[in-house]
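Text of the file run35.cif, holding mmCIF, C-alpha atoms and all ligand atoms:
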data_my_file
#
loop_
_atom_site.label_atom_id
_atom_site.label_comp_id
_atom_site.auth_asym_id
_atom_site.auth_seq_id
_atom_site.Cartn_x
_atom_site.Cartn_y
_atom_site.Cartn_z
CA MET F 1 6.65 67.88 44.25
CA GLY F 2 8.08 67.27 40.80
CA ARG F 3 8.09 63.79 39.37
CA ILE F 4 11.30 61.86 39.39
CA GLN F 5 12.87 61.92 35.93
CA PRO F 6 14.97 59.22 34.30
CA ARG F 7 18.69 59.95 33.99
CA ASP F 8 19.48 62.54 31.31
CA SER F 9 20.59 60.16 28.58
CA VAL F 10 17.29 58.25 28.86
CA ALA F 11 15.02 61.29 29.25
CA LEU F 12 16.23 62.70 25.93
CA MET F 13 15.76 59.44 24.12
CA GLU F 14 13.15 58.53 21.58
CA GLY F 15 11.72 55.02 21.60
CA TYR F 16 11.99 52.67 18.65
CA HIS F 17 8.60 52.05 17.08
CA SER F 18 6.95 51.11 13.87
CA PRO F 19 3.33 52.28 13.66
CA GLN F 20 0.96 49.31 13.54
CA VAL F 21 -1.73 50.67 11.24
CA GLU F 22 -4.72 48.43 10.48
CA VAL F 23 -4.19 47.35 6.87
CA ASP F 24 -4.73 44.31 4.64
CA VAL F 25 -1.07 43.92 3.68
CA ARG F 26 1.53 44.37 6.44
CA LEU F 27 5.05 44.50 5.07
CA ASN F 28 6.72 46.71 7.68
CA THR F 29 8.40 44.60 10.36
CA ASN F 30 10.26 41.83 8.47
CA GLU F 31 8.20 39.03 9.98
CA SER F 32 7.57 35.80 8.15
CA PRO F 33 4.41 36.11 6.04
CA VAL F 34 3.30 32.59 6.99
CA SER F 35 2.59 30.92 10.33
CA PRO F 36 4.67 28.02 11.64
CA PRO F 37 3.80 24.49 10.40
CA PRO F 38 0.59 23.14 12.03
CA GLY F 39 2.60 20.22 13.48
CA PHE F 40 4.70 22.70 15.45
CA VAL F 41 1.65 24.35 17.01
CA GLU F 42 0.16 20.96 17.98
CA ALA F 43 3.41 19.61 19.43
CA LEU F 44 3.92 22.82 21.41
CA ALA F 45 0.36 22.72 22.80
CA ALA F 46 0.97 19.13 23.97
CA GLU F 47 4.27 20.11 25.57
CA VAL F 48 2.73 23.13 27.32
CA ALA F 49 0.17 20.77 28.88
CA ARG F 50 3.11 18.93 30.48
CA VAL F 51 4.81 22.00 32.00
CA ASP F 52 5.25 21.92 35.79
CA TRP F 53 3.74 25.34 36.31
CA HIS F 54 4.61 25.54 40.00
CA ARG F 55 8.33 25.11 39.22
CA TYR F 56 10.84 27.55 37.78
CA PRO F 57 12.06 26.67 34.30
CA ASP F 58 15.42 25.01 33.59
CA ARG F 59 17.63 27.99 34.42
CA GLY F 60 20.37 27.06 31.98
CA ALA F 61 17.89 26.16 29.18
CA TRP F 62 20.26 23.27 28.47
CA GLU F 63 18.08 21.26 26.12
CA LEU F 64 17.28 24.29 23.99
CA ARG F 65 20.90 25.43 23.94
CA SER F 66 22.13 21.92 23.08
CA ARG F 67 19.70 21.70 20.18
CA ILE F 68 20.63 25.16 18.88
CA GLY F 69 24.31 24.28 19.28
CA ALA F 70 23.83 21.03 17.36
CA LEU F 71 22.33 23.06 14.52
CA HIS F 72 25.58 25.02 14.27
CA GLY F 73 28.07 22.30 15.24
CA VAL F 74 28.92 23.66 18.71
CA GLY F 75 28.15 22.64 22.29
CA PRO F 76 25.58 24.35 24.57
CA GLU F 77 28.39 26.24 26.32
CA GLN F 78 28.85 28.25 23.12
CA VAL F 79 25.16 29.21 22.90
CA PHE F 80 23.54 32.10 24.76
CA ALA F 81 19.75 32.23 24.34
CA ALA F 82 17.47 35.12 25.32
CA ASN F 83 14.09 36.80 24.79
CA GLY F 84 14.62 37.82 21.19
CA SER F 85 17.98 38.78 19.77
CA ASN F 86 17.30 42.27 21.15
CA GLU F 87 17.80 40.82 24.63
CA VAL F 88 20.98 39.15 23.40
CA LEU F 89 22.23 42.59 22.29
CA GLN F 90 21.12 44.16 25.56
CA THR F 91 22.95 41.53 27.59
CA LEU F 92 26.10 42.11 25.53
CA SER F 93 25.93 45.83 26.30
CA LEU F 94 25.24 45.21 30.00
CA THR F 95 28.19 42.84 30.18
CA TYR F 96 30.84 44.49 28.04
CA GLY F 97 29.58 48.08 27.79
CA GLY F 98 28.67 50.55 30.54
CA PRO F 99 30.02 53.92 31.68
CA GLY F 100 33.51 54.66 30.43
CA ARG F 101 33.21 52.16 27.57
CA ASN F 102 32.20 52.53 23.93
CA VAL F 103 30.51 50.59 21.19
CA ALA F 104 31.16 51.29 17.51
CA VAL F 105 28.41 51.26 14.89
CA PHE F 106 28.44 52.11 11.19
CA GLU F 107 25.39 54.03 10.04
CA PRO F 108 22.91 53.49 8.66
CA THR F 109 22.37 50.27 10.57
CA TYR F 110 19.97 48.66 13.05
CA ALA F 111 18.91 51.44 15.44
CA LEU F 112 18.83 49.21 18.50
CA HIS F 113 22.60 48.69 18.53
CA SER F 114 23.20 52.31 19.55
CA HIS F 115 19.88 52.70 21.40
CA ILE F 116 20.62 49.79 23.75
CA ALA F 117 24.20 50.98 24.21
CA ARG F 118 22.97 54.40 25.32
CA ILE F 119 20.40 52.91 27.70
CA THR F 120 23.21 50.97 29.37
CA GLY F 121 25.29 54.14 29.74
CA THR F 122 27.74 53.08 27.04
CA GLY F 123 29.31 55.64 24.70
CA VAL F 124 28.45 55.29 21.01
CA ALA F 125 31.09 55.93 18.34
CA GLU F 126 29.38 56.33 14.98
CA GLY F 127 31.09 55.82 11.65
CA GLU F 128 29.52 56.66 8.30
CA ARG F 129 29.10 54.08 5.57
CA ALA F 130 30.02 54.98 1.99
CA ALA F 131 27.41 56.68 -0.23
CA ASP F 132 26.22 53.26 -1.50
CA PHE F 133 25.92 52.11 2.16
CA SER F 134 28.83 49.68 1.91
CA LEU F 135 31.30 49.54 4.80
CA ASP F 136 34.35 51.78 4.40
CA LEU F 137 37.30 50.06 6.09
CA ASP F 138 39.21 53.34 6.44
CA VAL F 139 36.29 54.67 8.47
CA VAL F 140 36.26 51.50 10.57
CA ARG F 141 39.99 51.92 11.17
CA SER F 142 39.70 55.53 12.34
CA VAL F 143 36.54 55.05 14.46
CA VAL F 144 38.05 52.01 16.16
CA ALA F 145 41.38 53.74 16.75
CA ALA F 146 39.70 56.81 18.25
CA SER F 147 37.11 55.08 20.44
CA GLN F 148 38.73 51.72 21.31
CA PRO F 149 35.27 50.10 21.41
CA ALA F 150 34.53 47.26 23.80
CA ILE F 151 31.95 46.12 21.22
CA THR F 152 31.93 46.71 17.49
CA TYR F 153 28.70 45.96 15.68
CA LEU F 154 28.28 44.75 12.14
CA CYS F 155 24.89 43.75 10.85
CA SER F 156 24.84 41.31 7.96
CA PRO F 157 22.51 41.44 6.13
CA ASN F 158 22.31 44.99 7.35
CA ASN F 159 18.98 46.44 8.47
CA PRO F 160 17.62 48.61 6.83
CA THR F 161 19.80 48.33 3.70
CA GLY F 162 19.66 44.53 3.23
CA MET F 163 23.31 44.50 2.20
CA VAL F 164 25.61 41.61 3.14
CA GLU F 165 29.20 42.04 4.38
CA THR F 166 31.71 39.74 2.69
CA ARG F 167 33.78 37.25 4.64
CA GLN F 168 36.88 39.27 3.79
CA THR F 169 35.34 42.43 5.28
CA VAL F 170 34.37 40.66 8.50
CA GLU F 171 37.87 39.19 8.80
CA GLU F 172 39.48 42.56 8.22
CA VAL F 173 37.26 44.20 10.85
CA LEU F 174 38.11 41.38 13.25
CA GLY F 175 41.76 42.23 12.77
CA LEU F 176 41.11 45.87 13.71
CA VAL F 177 38.93 45.68 16.82
CA PRO F 178 40.34 45.69 20.34
CA GLY F 179 37.19 44.18 21.92
CA LEU F 180 34.35 41.98 20.81
CA LEU F 181 32.97 41.92 17.27
CA VAL F 182 29.24 41.26 17.16
CA VAL F 183 27.81 40.25 13.81
CA ASP F 184 24.03 40.61 14.01
CA GLU F 185 22.61 38.00 11.66
CA ALA F 186 18.91 38.42 12.40
CA TYR F 187 18.46 37.83 8.64
CA GLY F 188 21.43 35.47 8.26
CA GLN F 189 19.48 32.56 6.77
CA PHE F 190 18.55 34.65 3.73
CA ALA F 191 22.19 35.51 2.98
CA PRO F 192 24.72 33.59 0.86
CA TRP F 193 27.22 33.08 3.72
CA SER F 194 27.39 33.36 7.51
CA ALA F 195 30.03 34.66 9.92
CA LEU F 196 29.23 31.57 12.00
CA GLU F 197 32.04 30.01 9.93
CA LEU F 198 34.51 32.23 11.77
CA VAL F 199 33.40 31.52 15.35
CA ASP F 200 35.81 29.59 17.55
CA GLU F 201 37.07 29.61 21.13
CA GLU F 202 39.99 31.95 20.40
CA THR F 203 38.31 34.59 18.22
CA PRO F 204 36.51 37.51 19.96
CA LEU F 205 33.53 37.15 17.65
CA VAL F 206 29.87 36.41 18.39
CA VAL F 207 27.07 35.97 15.87
CA SER F 208 23.47 36.67 16.90
CA ARG F 209 20.41 35.10 15.34
CA THR F 210 16.67 35.07 15.93
CA PHE F 211 13.64 32.81 15.72
CA SER F 212 11.52 35.86 14.80
CA LYS F 213 12.00 35.83 11.03
CA THR F 214 12.76 32.54 9.30
CA TRP F 215 11.28 30.44 12.09
CA SER F 216 7.91 32.29 11.85
CA MET F 217 8.08 32.84 15.60
CA ALA F 218 8.14 36.59 16.19
CA ALA F 219 5.45 36.11 18.85
CA ALA F 220 7.67 33.78 20.88
CA ARG F 221 10.51 36.31 21.40
CA LEU F 222 13.50 34.00 21.14
CA GLY F 223 16.99 34.76 19.91
CA TYR F 224 20.53 33.56 20.57
CA LEU F 225 24.18 34.05 19.89
CA ILE F 226 26.95 31.63 19.04
CA GLY F 227 30.36 32.59 20.38
CA PRO F 228 33.30 31.49 22.51
CA SER F 229 32.28 29.77 25.76
CA TRP F 230 34.13 32.41 27.83
CA VAL F 231 31.80 35.09 26.44
CA VAL F 232 28.69 32.98 27.03
CA ALA F 233 29.76 32.35 30.64
CA GLU F 234 30.01 36.11 31.30
CA LEU F 235 26.61 36.80 29.70
CA GLU F 236 25.02 34.10 31.86
CA LYS F 237 26.21 35.96 34.96
CA VAL F 238 24.51 39.18 33.85
CA VAL F 239 21.15 38.02 32.53
CA LEU F 240 18.28 37.66 35.01
CA PRO F 241 17.79 34.22 36.55
CA TYR F 242 15.12 32.16 34.77
CA HIS F 243 14.73 34.74 32.02
CA LEU F 244 13.66 32.07 29.53
CA ASP F 245 10.30 30.65 30.58
CA SER F 246 9.38 27.01 30.10
CA MET F 247 6.97 27.69 27.23
CA LYS F 248 9.61 29.56 25.27
CA GLN F 249 12.22 26.88 25.86
CA ALA F 250 9.74 24.28 24.61
CA ALA F 251 8.79 26.44 21.60
CA GLY F 252 12.42 26.83 20.55
CA THR F 253 13.28 23.18 21.04
CA ILE F 254 10.24 21.93 19.13
CA ALA F 255 10.79 24.44 16.31
CA LEU F 256 14.15 22.81 15.64
CA ASP F 257 12.29 19.61 14.65
CA TYR F 258 10.98 21.56 11.66
CA LEU F 259 14.27 22.58 10.08
CA ALA F 260 13.34 21.27 6.62
CA GLU F 261 10.11 23.30 6.56
CA MET F 262 12.01 26.38 7.68
CA GLU F 263 14.62 25.95 4.95
CA GLU F 264 11.87 25.51 2.38
CA ARG F 265 10.32 28.84 3.47
CA VAL F 266 13.67 30.58 3.26
CA ALA F 267 14.14 29.25 -0.28
CA GLN F 268 10.68 30.46 -1.29
CA LEU F 269 11.17 33.90 0.24
CA THR F 270 14.58 34.26 -1.38
CA GLU F 271 13.08 33.48 -4.77
CA GLU F 272 10.23 35.89 -4.11
CA ARG F 273 12.77 38.55 -3.14
CA GLY F 274 14.35 38.18 -6.59
CA ARG F 275 10.98 38.74 -8.23
CA LEU F 276 10.17 41.77 -6.06
CA GLU F 277 13.61 43.35 -6.58
CA ALA F 278 13.34 42.91 -10.34
CA ALA F 279 9.86 44.46 -10.38
CA LEU F 280 11.06 47.42 -8.29
CA ARG F 281 13.94 47.99 -10.71
CA GLU F 282 11.43 48.41 -13.53
CA LEU F 283 9.86 51.31 -11.65
CA PRO F 284 11.44 54.75 -11.15
CA CYS F 285 13.14 53.65 -7.91
CA ASP F 286 16.70 53.25 -6.58
CA VAL F 287 16.94 49.72 -5.19
CA TRP F 288 19.62 48.33 -2.87
CA PRO F 289 20.73 44.72 -3.40
CA SER F 290 19.28 42.62 -0.58
CA GLY F 291 20.44 39.43 1.11
CA ALA F 292 17.56 39.63 3.61
CA ASN F 293 13.77 39.21 3.64
CA PHE F 294 13.21 42.88 2.83
CA VAL F 295 14.28 45.41 0.22
CA LEU F 296 15.23 49.08 0.68
CA PHE F 297 14.20 51.38 -2.14
CA ARG F 298 13.86 55.08 -2.89
CA PRO F 299 11.16 56.29 -5.27
CA ARG F 300 12.71 58.83 -7.65
CA THR F 301 9.63 60.66 -8.92
CA VAL F 302 7.47 61.02 -5.80
CA ASP F 303 8.60 61.88 -2.28
CA GLY F 304 9.06 58.75 -0.11
CA ALA F 305 6.81 59.93 2.71
CA GLU F 306 4.09 60.70 0.16
CA VAL F 307 4.45 57.23 -1.37
CA TRP F 308 4.19 55.69 2.11
CA LYS F 309 0.90 57.52 2.77
CA LYS F 310 -0.52 56.57 -0.60
CA LEU F 311 0.39 52.93 0.03
CA VAL F 312 -1.45 53.08 3.38
CA ASP F 313 -4.46 54.55 1.52
CA ARG F 314 -4.34 51.37 -0.57
CA SER F 315 -4.12 49.26 2.62
CA VAL F 316 -0.43 48.39 2.20
CA LEU F 317 1.98 49.14 5.06
CA VAL F 318 5.75 49.33 4.51
CA ARG F 319 8.44 50.81 6.76
CA ASN F 320 8.77 54.53 6.39
CA CYS F 321 12.49 55.29 6.64
CA SER F 322 12.14 58.53 4.70
CA SER F 323 12.86 60.77 7.67
CA TRP F 324 15.69 58.66 9.11
CA PRO F 325 19.16 60.18 8.96
CA ARG F 326 20.96 59.22 5.71
CA LEU F 327 17.86 57.50 4.32
CA GLU F 328 15.98 60.48 2.98
CA GLY F 329 13.04 59.37 0.84
CA CYS F 330 13.65 55.64 1.47
CA LEU F 331 11.10 52.93 2.17
CA ARG F 332 11.70 49.35 3.26
CA VAL F 333 9.39 46.56 2.18
CA THR F 334 9.30 43.12 3.79
CA ILE F 335 8.98 40.15 1.43
CA GLY F 336 5.47 38.78 1.89
CA THR F 337 3.50 36.08 0.12
CA SER F 338 3.42 36.53 -3.66
CA HIS F 339 -0.19 37.72 -3.32
CA GLU F 340 0.81 40.39 -0.77
CA ASP F 341 3.79 41.44 -2.87
CA ASP F 342 1.56 41.79 -5.91
CA ARG F 343 -0.79 44.02 -3.94
CA PHE F 344 2.21 46.15 -2.95
CA LEU F 345 3.63 46.28 -6.49
CA ASP F 346 0.26 47.12 -8.08
CA ALA F 347 -0.26 49.94 -5.57
CA LEU F 348 3.26 51.26 -6.09
CA ARG F 349 2.91 51.16 -9.90
CA GLU F 350 -0.29 53.14 -9.61
CA ILE F 351 1.40 55.73 -7.38
CA LEU F 352 4.58 56.11 -9.43
CA THR F 353 3.39 55.85 -13.03
N1 LIG F 401 18.65 42.55 14.80
C1 LIG F 401 18.17 43.08 13.67
C2 LIG F 401 19.11 43.52 12.62
C3 LIG F 401 16.78 43.20 13.50
O1 LIG F 401 16.30 43.76 12.38
C4 LIG F 401 15.91 42.76 14.51
C5 LIG F 401 14.41 42.85 14.38
N2 LIG F 401 13.92 44.04 13.98
C6 LIG F 401 16.48 42.24 15.67
C7 LIG F 401 17.85 42.13 15.78
C8 LIG F 401 15.66 41.84 16.85
O2 LIG F 401 14.93 40.74 16.61
P1 LIG F 401 14.26 39.89 17.76
O3 LIG F 401 14.45 40.63 19.05
O4 LIG F 401 12.86 39.73 17.35
O5 LIG F 401 15.03 38.60 17.78
#
For the file at hand, write its structure as structure tokens.
Amino acid sequence: MGRIQPRDSVALMEGYHSPQVEVDVRLNTNESPVSPPPGFVEALAAEVARVDWHRYPDRGAWELRSRIGALHGVGPEQVFAANGSNEVLQTLSLTYGGPGRNVAVFEPTYALHSHIARITGTGVAEGERAADFSLDLDVVRSVVAASQPAITYLCSPNNPTGMVETRQTVEEVLGLVPGLLVVDEAYGQFAPWSALELVDEETPLVVSRTFSKTWSMAAARLGYLIGPSWVVAELEKVVLPYHLDSMKQAAGTIALDYLAEMEERVAQLTEERGRLEAALRELPCDVWPSGANFVLFRPRTVDGAEVWKKLVDRSVLVRNCSSWPRLEGCLRVTIGTSHEDDRFLDALREILT
């Protein structure tokens, strides 16, 4: 008897992976280069000792959502929290997507927007960005008109380009879309402005964020969105009961006591990004302007895939985007500590000059 196969759209799919090679300097997954403050780890350990392990967690995660809401000047009813912002995106697709519906994405962008849509049986309408990877509003207009998307995704700063959409662009896109506009701000804290400014009860806009990057908490898998309460209420119906365990709720709540430390790290990384970008521009590389904690670049004299291998030989791992559609020859480097970035820059100089 043959094995049962997944439905066609899933069987044909490739997963989304970044190889985790053993190296000294890991600059491939846009994590924070430093661990959370020691006080956070101690406070969390103490809180975990108080968890009622025989009980289910607070299903509504009210304390966590209230604290996140307070950070952004909204109530808990405007906060949806989940296991990483990927689960936020998945819940959006499960709720507003599905067979017979479409999402719109503008490539190149974060691969999971279309991947998750397809997994949930949602159609994907793809628009092309301009040659410099900026958003072309004429393309947005025609893709939206043709596909009438239930969800339109923008990613700002965009992954993998690092580029930030302006407020004017987001407002114009909002005026064009028939459904929900999702602005994925996984790297929002590194950018000069946030679409959170535009969220209110009337506007069909949600902004997603994560604890994985600036909060040094990729291991905790916690993300959220801020949006109108009527969207949050629908998402709450779809997500599994008790999806946020007690440890994670505690981790997120306690992390918010360390806002000043987090902001300090963001400031340091942003400064370090300036240094890294400037150094890359002195090498034979095309460099895209970044508002995130990573930089996309394309070596001009040596093939990107070759550069990637030679960096690994020197124990430096960056993201190899060189075979991705539209990103031929490109690599993406996460901002690390200045020591790690120096190791990367020294290796790259050696390879390219
Ligand atoms: N959105 C974007 C644009 C990302 O780059 C990432 C992480 N790669 C995520 C969402 C997901 O982050 P997490 O699930 O860790 O919150």
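Pairwise distance (CA of Gly188 in chain F, CA of Cys285 in chain F) equals 25.7 Å.
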Take the point (23.1, 50.3, 0.9) as written in the file and pick out every residue within 9 Å of it, counting all atoms listed in the file; give the list as a PyMOL selection string. chain F and resi 108+129-134+158+160-163+287-290+296
Ala104 in chain F surroundings by all atoms listed in the file, 8 Å radius, close-in-sequence under 5 positions cut, as an MDAnalysis selection string: chainID F and resid 124:127 143:144 147 149 151:153
Identify, on the basis of all atoms listed in the file, every residue whose closest approach to range 182-184 of chain F does not exceed 12 Å; exclude the query and any residue fewer than 6 positions from it along the same chain; express the result as a ChimeraX atom specification. /F:85-86,88-89,92-93,96,103-105,109-110,112-113,149-159,164-167,169-171,173-174,194-199,203-210,223-228,231
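Taking CA of Asp286 in chain F as the reference point, CA of Glu328 in chain F is found at 12.0 Å.
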One decimal place gives the CA of Ala292 in chain F-CA of Leu327 in chain F separation as 17.9 Å
Set the distance at 8 Å and use only C-alpha atoms: which residues neighbour Leu345 in chain F once local chain neighbours fewer than 6 positions away are removed? I'd like the list as a PyMOL selection string. chain F and resi 276+279-280
